[in-house]
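First up is the structure itself, then whatever we jot down about it.
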Amino acid sequence: MKPTIKKQTVAIFSLRGFIDGQNASSFITIQDIRFVEEKKFEMVLISFKKVISFNKNGISFFEKILKDFHKKIGCQVGICDLTKKQYDQIKHFYKDDVPFSLFDTEEHALLFRKEGTAKQNNNSILIWKSDSSQRSIIAIELFERGFNPIVAQTYDDYLKLKANKDRYLAILDKLHLGLKSNMIAAQRVRNTVIYYLKDYLDADILEQFDLTYHQNCLKIGFKTFMFNATRVVSFNIRASNFFFKLSAEGAEYGALFAFVGLNLDKIPKSFIQELQDAGYIFFDTEEEFFENEDIKAAKKEAMTRKTEKKLSKKLVSYISDFTKATVHTLQIMTNIVPKRKDIKIQKLTLPNDAVTYLASSIAIYGELEGMITIVMEKSLAQKACELLLGNVNDDDILLDGLSEIVNIITGKSKSFLADKNVSINITIPRNFENLSDLQTVLGEKKGVQIDFSFQEQPFTFFLSG
Amino acid sequence: MITKEEIQNYLKNVPSLPRVVKACLEQLKIGELNKAAVIAKKDQKLIFYLKTVVNSAAYGFRSTLEDEKQIFSALGSHKAKQLLYAYMINSNSPNEWQFFNLSKNDFKTLQMQMMKYFDAILKSYSLENSEFQSASSIICASVVVADQIFGVHKEDVKIIKQSQDLTLDQILYRLSGYTFANLVEFIAKLWEVEQSVQQLLVLSFGYQKCKGFVCELSKLMHLLLFKIFSQPRFIKAGLNDFLDIKIEFVEDMLDKFNKIYDETND
């Protein structure tokens, strides 16, 4: 069974029916294991949402697979969508010492992705575990992802706090964290990528920092990067060199780097000086960073960098593969045959600014370099996501659905191009709730704009350099 | 991808009961086993099918049954009806499966297992010789229908499943408004299956809340489907994620189901 891919970085195997030692290996085959290892997912989950019953032998098989994934690709591993009964049953099998994580829902598992999903308005998460060490681990992991963990110290406390359940983004009381990823957590807030550093930083940072993710963020237009170092004890020359390398690479994209909360007394003065020379700015708190006028101005300036990549002839020569993949995917999702209306090389221009549009972009790199952006009316996005998600009104869920569709489009384009011996890679998608953010990222960039009509609803495909 | 119109066209093309099978079923309804046997003799394929099945190890008759009348009287009217429907579905199953990784033989095994275990379920309700026996063969029609509908859309389904864990039943419903329960019900009506069996079949997909013994049977049928779909060969064939499991629907019958299943295996 092929896993479902969520947010390009999480693989979820959804098991169904009765599980035992005899059939477990038929659910996750050797080919599936190879697929996960090749793709190097940051989190691998096994969903028990549709599992009727299971026994110890079946769980032991999955334990081995999950442990191997963790060992080989350093990902987080766990079982999700567990009922209270299933959760207790697994804890009982392992006498409470479960080597992998257990989550009551997939949504709660995804809170522990390397890239946090905390929001500005409500990021409080209530935690209750009778095991105090688990309580602390969960709180720390969430804090590193930009959440505000609220830990109940006693069960009575928990019940009192839980009474105001609307105050929390999530309530975690049926969760066990087992093998964790040692990757540095990241979060994208207000057009800034925040990395959460901790402990003593040395050469290991090369292993713990997801360089591909960082490069993808640069490619899809992020310009400001913050290292939250409030929990950093100190760092050595290897780590310092690593930061130089990042800023040198980022300069090509006009990116800006800052440290927040770094205890400057504990870092050699020469390192600080060199980092400042390399362009790093230092702040005490995240608020200070976001409110700083210089940063705001720098962000704006960085947005209009002079080194815009132009649309290459080579990229344009494969336009039919991209449009074929787009049209086919949208046709499957909406069950509507689209009409192509217009094709032009121009700045992204949308027919009617008054309508609510949603957009998603993805960068491609490898033998071809560029960015694919799709823009559609909210109502068409709802229609397109209906097959995947059912009826959706929540904008966040809709945007997630849209990124899944962009992923499908680029995945399909990738396979069309592979047939022509052209190899490309794709970044994670970036969603836009309003077009001004998108237009800021695209700037004056010209690209191939193809307008379609899905039963009179406009859809725009934009391929830029 | 699939549309409502496509499904409506598909349903228009579902074959009606052949003359011989229809006449045979009519005789069985009034308990005329001999007359049914005489009619069945006119369809050599049907006779061959019945002989192969009843003389298989699963039936355990001491001596080989050759004569049609012998076969029908050994089976009894309800069991014979169950096999006539199984024959109908088997003869409408594809030679080359398009969506599922199944062989003709795998499908036959699936049918045989469904019939064997559902008979055991019926026995636990003292209904071993009842019209409900046909339900276990007719429900297998959903597998054939799914293959016929989704066979040409295999690649599209792969694309959808890559980003969302949807069953074929969910995809079918979101695209056309039909579920496999609707399609099986349509076939059951077309094939003149008793009303009570139609009700059992529809409930077995777990979409409706229900109570009473037919409801209990439908829950056990739902569990049986997934017990069989959880066998390695059927997981590999892709049957495991074709229908949606309704755990809340069957929870209260799980212990009873496990007991019957284990006893049947002993």
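By convention in this document, the chains of the structure tokens carry letters A, B, ... by their order, each chain's residues are numbered from 1, and ligands are numbered from 1 in the order they are shown.
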
Handout entry: Spatial neighbours of Val197 in chain B, 8 Å, only C-alpha atoms, chain gap at least 6 places, as a ChimeraX atom specification
Key = /B:131-132,134-135

Problem - Neighbour list for range 235-237 of chain B as a VMD selection string, cut-off 9 Å, only C-alpha atoms, skip fewer than 6 positions in-chain - result: (chain A and resid 1 23 26 to 27) or (chain B and resid 99 to 102 229)

Exercise for the section: Please identify every residue of chain B that has at least one atom no more than 10 Å from any atom of chain A, counting only C-alpha atoms, and report them as a PyMOL selection string. Expected result: chain B and resi 1-3+153+156-166+170-176+223-236+238+240-241+243-248+250-251+254

Problem - Separation of CA of Ile171 in chain A from CA of Leu110 in chain A, in Å and rounded to one decimal - result: 13.7 Å

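Proximity to Tyr85 in chain B was assessed for B:Gln70, B:Thr64, B:Ser16, B:Ser103 counting only C-alpha atoms; the smallest distance is recorded for B:Ser16.
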
Neighbours of Lys84 in chain A within 8 Å (only C-alpha atoms; same-chain residues fewer than 2 positions away dropped), as a CSV table (one decimal) with all heavy atoms, in the first residue's frame?
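What landed in selection.csv:
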chain,number,residue,atom,x,y,z
A,82,LEU,N,-5.7,6.8,17.1
A,82,LEU,CA,-5.9,5.7,18.0
A,82,LEU,C,-7.1,6.0,18.9
A,82,LEU,O,-7.2,7.1,19.4
A,82,LEU,CB,-4.7,5.4,18.9
A,82,LEU,CG,-3.5,4.8,18.2
A,82,LEU,CD1,-2.2,5.0,19.0
A,82,LEU,CD2,-3.7,3.3,17.9
A,86,GLN,N,-7.5,1.4,21.9
A,86,GLN,CA,-6.3,1.0,21.1
A,86,GLN,C,-5.0,1.5,21.7
A,86,GLN,O,-4.0,0.8,21.8
A,86,GLN,CB,-6.4,1.5,19.7
A,86,GLN,CG,-7.5,0.8,18.9
A,86,GLN,CD,-7.7,1.4,17.5
A,86,GLN,OE1,-7.6,2.6,17.4
A,86,GLN,NE2,-8.1,0.6,16.5
A,87,TYR,N,-5.1,2.8,22.2
A,87,TYR,CA,-3.9,3.4,22.8
A,87,TYR,C,-3.5,2.7,24.1
A,87,TYR,O,-2.3,2.3,24.2
A,87,TYR,CB,-4.4,4.9,23.2
A,87,TYR,CG,-3.3,5.7,23.9
A,87,TYR,CD1,-2.4,6.4,23.2
A,87,TYR,CD2,-3.4,5.8,25.3
A,87,TYR,CE1,-1.4,7.2,23.9
A,87,TYR,CE2,-2.5,6.6,26.0
A,87,TYR,CZ,-1.5,7.3,25.2
A,87,TYR,OH,-0.6,8.1,25.9
A,88,ASP,N,-4.5,2.3,24.9
A,88,ASP,CA,-4.2,1.6,26.1
A,88,ASP,C,-3.6,0.2,25.8
A,88,ASP,O,-2.8,-0.3,26.5
A,88,ASP,CB,-5.4,1.5,27.0
A,88,ASP,CG,-5.8,2.8,27.6
A,88,ASP,OD1,-5.0,3.7,27.6
A,88,ASP,OD2,-7.0,3.0,28.0
A,104,ASP,N,-3.5,10.5,19.3
A,104,ASP,CA,-5.0,10.2,19.1
A,104,ASP,C,-5.5,10.5,17.7
A,104,ASP,O,-6.4,9.9,17.2
A,104,ASP,CB,-5.8,10.8,20.2
A,104,ASP,CG,-5.6,12.3,20.4
A,104,ASP,OD1,-4.7,12.8,19.8
A,104,ASP,OD2,-6.3,12.9,21.2
A,174,LYS,N,-3.9,12.2,25.2
A,174,LYS,CA,-3.7,10.8,24.8
A,174,LYS,C,-2.6,10.8,23.8
A,174,LYS,O,-2.8,10.6,22.6
A,174,LYS,CB,-5.0,10.3,24.2
A,174,LYS,CG,-5.3,8.9,24.5
A,174,LYS,CD,-6.7,8.5,24.2
A,174,LYS,CE,-7.1,8.7,22.8
A,174,LYS,NZ,-8.3,9.4,22.5

Find the residues near Tyr261 in chain B: any atom within 8 Å, counting only C-alpha atoms, skip ones fewer than 4 places away on the same chain, and give them as a short mmCIF file (atom, residue, chain, number, x, y, z; two decimals) with C-alpha atoms, in the first residue's frame.
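Output below, filename part.cif:
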data_model
loop_
_atom_site.label_atom_id
_atom_site.label_comp_id
_atom_site.auth_asym_id
_atom_site.auth_seq_id
_atom_site.Cartn_x
_atom_site.Cartn_y
_atom_site.Cartn_z
CA TYR B 117 -18.53 -17.81 6.78
CA ALA B 120 -21.87 -19.97 9.74
CA PHE B 257 -18.17 -12.13 15.02
CA ASN B 265 -12.05 -22.36 11.45
#

Problem - Polymer residues at most 8 Å from range 223-235 of chain A, only C-alpha atoms, same-chain spacing of 3 or more positions, as a ChimeraX atom specification - result: /A:191-202,218,239-240,253-263,266-267,286,299,302-303

Handout entry: Between CA of Ala185 in chain A and CA of Arg113 in chain A, distance in Å (one decimal)
Key =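 Distance reported for this atom pair: 7.7 Å.
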
Practice task
Identify, with DSSP run on backbone atoms, the residues in range 193-276 of chain A assigned to strand (DSSP E), and express the list as a count of residues only.
Solution key: 26

Problem - CA of Met253 in chain B to CA of Leu220 in chain B, distance in Å rounded to a single decimal - result: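 A separation of 6.7 Å between them.
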
Spatial neighbours of range 270-277 of chain A, max dist 8 Å, only C-alpha atoms, sep filter under 2 positions, as an mmCIF file with N, CA, C and O atoms, in the first residue's frame:
data_model
loop_
_atom_site.group_PDB
_atom_site.id
_atom_site.type_symbol
_atom_site.label_atom_id
_atom_site.label_comp_id
_atom_site.auth_asym_id
_atom_site.auth_seq_id
_atom_site.Cartn_x
_atom_site.Cartn_y
_atom_site.Cartn_z
ATOM 1 N N ILE A 237 33.273 26.869 16.327
ATOM 2 C CA ILE A 237 33.618 27.427 15.026
ATOM 3 C C ILE A 237 32.936 26.704 13.864
ATOM 4 O O ILE A 237 32.589 27.317 12.856
ATOM 5 N N SER A 240 29.573 28.106 13.638
ATOM 6 C CA SER A 240 29.717 29.478 13.146
ATOM 7 C C SER A 240 29.940 29.487 11.626
ATOM 8 O O SER A 240 29.317 30.260 10.898
ATOM 9 N N PHE A 243 26.772 28.980 9.727
ATOM 10 C CA PHE A 243 25.944 30.185 9.586
ATOM 11 C C PHE A 243 26.485 31.109 8.485
ATOM 12 O O PHE A 243 25.722 31.722 7.752
ATOM 13 N N PHE A 244 27.827 31.182 8.358
ATOM 14 C CA PHE A 244 28.409 31.999 7.271
ATOM 15 C C PHE A 244 27.952 31.465 5.924
ATOM 16 O O PHE A 244 27.591 32.206 5.022
ATOM 17 N N LEU A 264 24.678 36.599 24.220
ATOM 18 C CA LEU A 264 25.938 37.024 23.601
ATOM 19 C C LEU A 264 27.142 36.863 24.533
ATOM 20 O O LEU A 264 28.275 36.741 24.072
ATOM 21 N N ILE A 267 29.055 33.538 23.900
ATOM 22 C CA ILE A 267 29.606 33.250 22.572
ATOM 23 C C ILE A 267 30.888 34.067 22.400
ATOM 24 O O ILE A 267 30.918 35.263 22.759
ATOM 25 N N PRO A 268 31.939 33.478 21.860
ATOM 26 C CA PRO A 268 33.171 34.250 21.649
ATOM 27 C C PRO A 268 32.886 35.527 20.853
ATOM 28 O O PRO A 268 32.138 35.500 19.869
ATOM 29 N N GLY A 279 26.343 39.861 7.909
ATOM 30 C CA GLY A 279 24.991 40.368 7.671
ATOM 31 C C GLY A 279 23.966 39.945 8.711
ATOM 32 O O GLY A 279 22.788 40.303 8.601
ATOM 33 N N TYR A 280 24.359 39.164 9.707
ATOM 34 C CA TYR A 280 23.391 38.743 10.731
ATOM 35 C C TYR A 280 23.049 39.919 11.648
ATOM 36 O O TYR A 280 23.923 40.724 11.996
ATOM 37 N N ILE A 281 21.772 40.016 12.018
ATOM 38 C CA ILE A 281 21.327 41.048 12.948
ATOM 39 C C ILE A 281 20.876 40.332 14.219
ATOM 40 O O ILE A 281 20.339 39.218 14.148
#

Show me, as a CSV table (one decimal) with N, CA and C atoms, in the first residue's frame, the residues that have an atom within 12 Å of Leu161 in chain A when counting only C-alpha atoms, minus same-chain residues fewer than 5 positions from it.
chain,number,residue,atom,x,y,z
A,124,SER,N,-2.2,28.1,21.8
A,124,SER,CA,-2.1,27.5,23.1
A,124,SER,C,-2.5,26.0,23.0
A,125,ILE,N,-1.7,25.2,23.6
A,125,ILE,CA,-2.0,23.7,23.6
A,125,ILE,C,-2.0,23.2,25.0
A,126,LEU,N,-3.1,22.6,25.4
A,126,LEU,CA,-3.2,22.1,26.8
A,126,LEU,C,-2.7,20.7,26.8
A,127,ILE,N,-1.8,20.4,27.8
A,127,ILE,CA,-1.2,19.1,27.9
A,127,ILE,C,-1.5,18.4,29.2
A,128,TRP,N,-1.9,17.2,29.2
A,128,TRP,CA,-2.0,16.4,30.4
A,128,TRP,C,-1.4,15.0,30.2
A,150,ILE,N,0.6,24.6,27.5
A,150,ILE,CA,0.1,24.9,28.9
A,150,ILE,C,0.0,23.5,29.5
A,151,VAL,N,0.9,23.3,30.5
A,151,VAL,CA,1.0,21.9,31.1
A,151,VAL,C,0.2,21.9,32.4
A,152,ALA,N,-0.8,20.9,32.5
A,152,ALA,CA,-1.5,20.7,33.7
A,152,ALA,C,-0.6,19.8,34.6
A,153,GLN,N,-0.5,20.2,35.8
A,153,GLN,CA,0.4,19.5,36.7
A,153,GLN,C,-0.3,18.3,37.4
A,154,THR,N,-1.6,18.5,37.6
A,154,THR,CA,-2.4,17.4,38.2
A,154,THR,C,-3.6,17.2,37.4
A,155,TYR,N,-4.3,16.1,37.6
A,155,TYR,CA,-5.5,15.8,36.9
A,155,TYR,C,-6.6,16.8,37.1
A,156,ASP,N,-6.7,17.2,38.4
A,156,ASP,CA,-7.7,18.2,38.8
A,156,ASP,C,-7.4,19.5,38.0
A,166,ASP,N,-12.3,26.2,24.4
A,166,ASP,CA,-12.2,27.1,23.3
A,166,ASP,C,-10.9,27.9,23.3
A,167,ARG,N,-10.2,27.9,24.4
A,167,ARG,CA,-9.0,28.7,24.5
A,167,ARG,C,-7.8,28.0,23.8
A,168,TYR,N,-8.0,26.7,23.5
A,168,TYR,CA,-6.8,26.0,23.1
A,168,TYR,C,-7.0,25.6,21.6
A,171,ILE,N,-6.0,20.0,22.6
A,171,ILE,CA,-5.9,19.4,24.0
A,171,ILE,C,-5.3,18.1,23.8

Listing only residues of range 63-163 of chain B within 10 Å of range 187-190 of chain B, what is the closest atom pair and its distance in Å (to one decimal) for each, using only C-alpha atoms, sorted by chain and residue number ascending, as JSON lines?
{"residue": "B:Tyr85", "atom": "CA", "partner": "B:Ala188", "partner_atom": "CA", "distance": 9.7}
{"residue": "B:Ala135", "atom": "CA", "partner": "B:Ala188", "partner_atom": "CA", "distance": 9.2}
{"residue": "B:Ile138", "atom": "CA", "partner": "B:Ala188", "partner_atom": "CA", "distance": 7.3}
{"residue": "B:Ile139", "atom": "CA", "partner": "B:Ala188", "partner_atom": "CA", "distance": 9.1}
{"residue": "B:Ala141", "atom": "CA", "partner": "B:Ile187", "partner_atom": "CA", "distance": 8.2}
{"residue": "B:Ser142", "atom": "CA", "partner": "B:Ile187", "partner_atom": "CA", "distance": 9.6}
{"residue": "B:Val145", "atom": "CA", "partner": "B:Ile187", "partner_atom": "CA", "distance": 9.9}
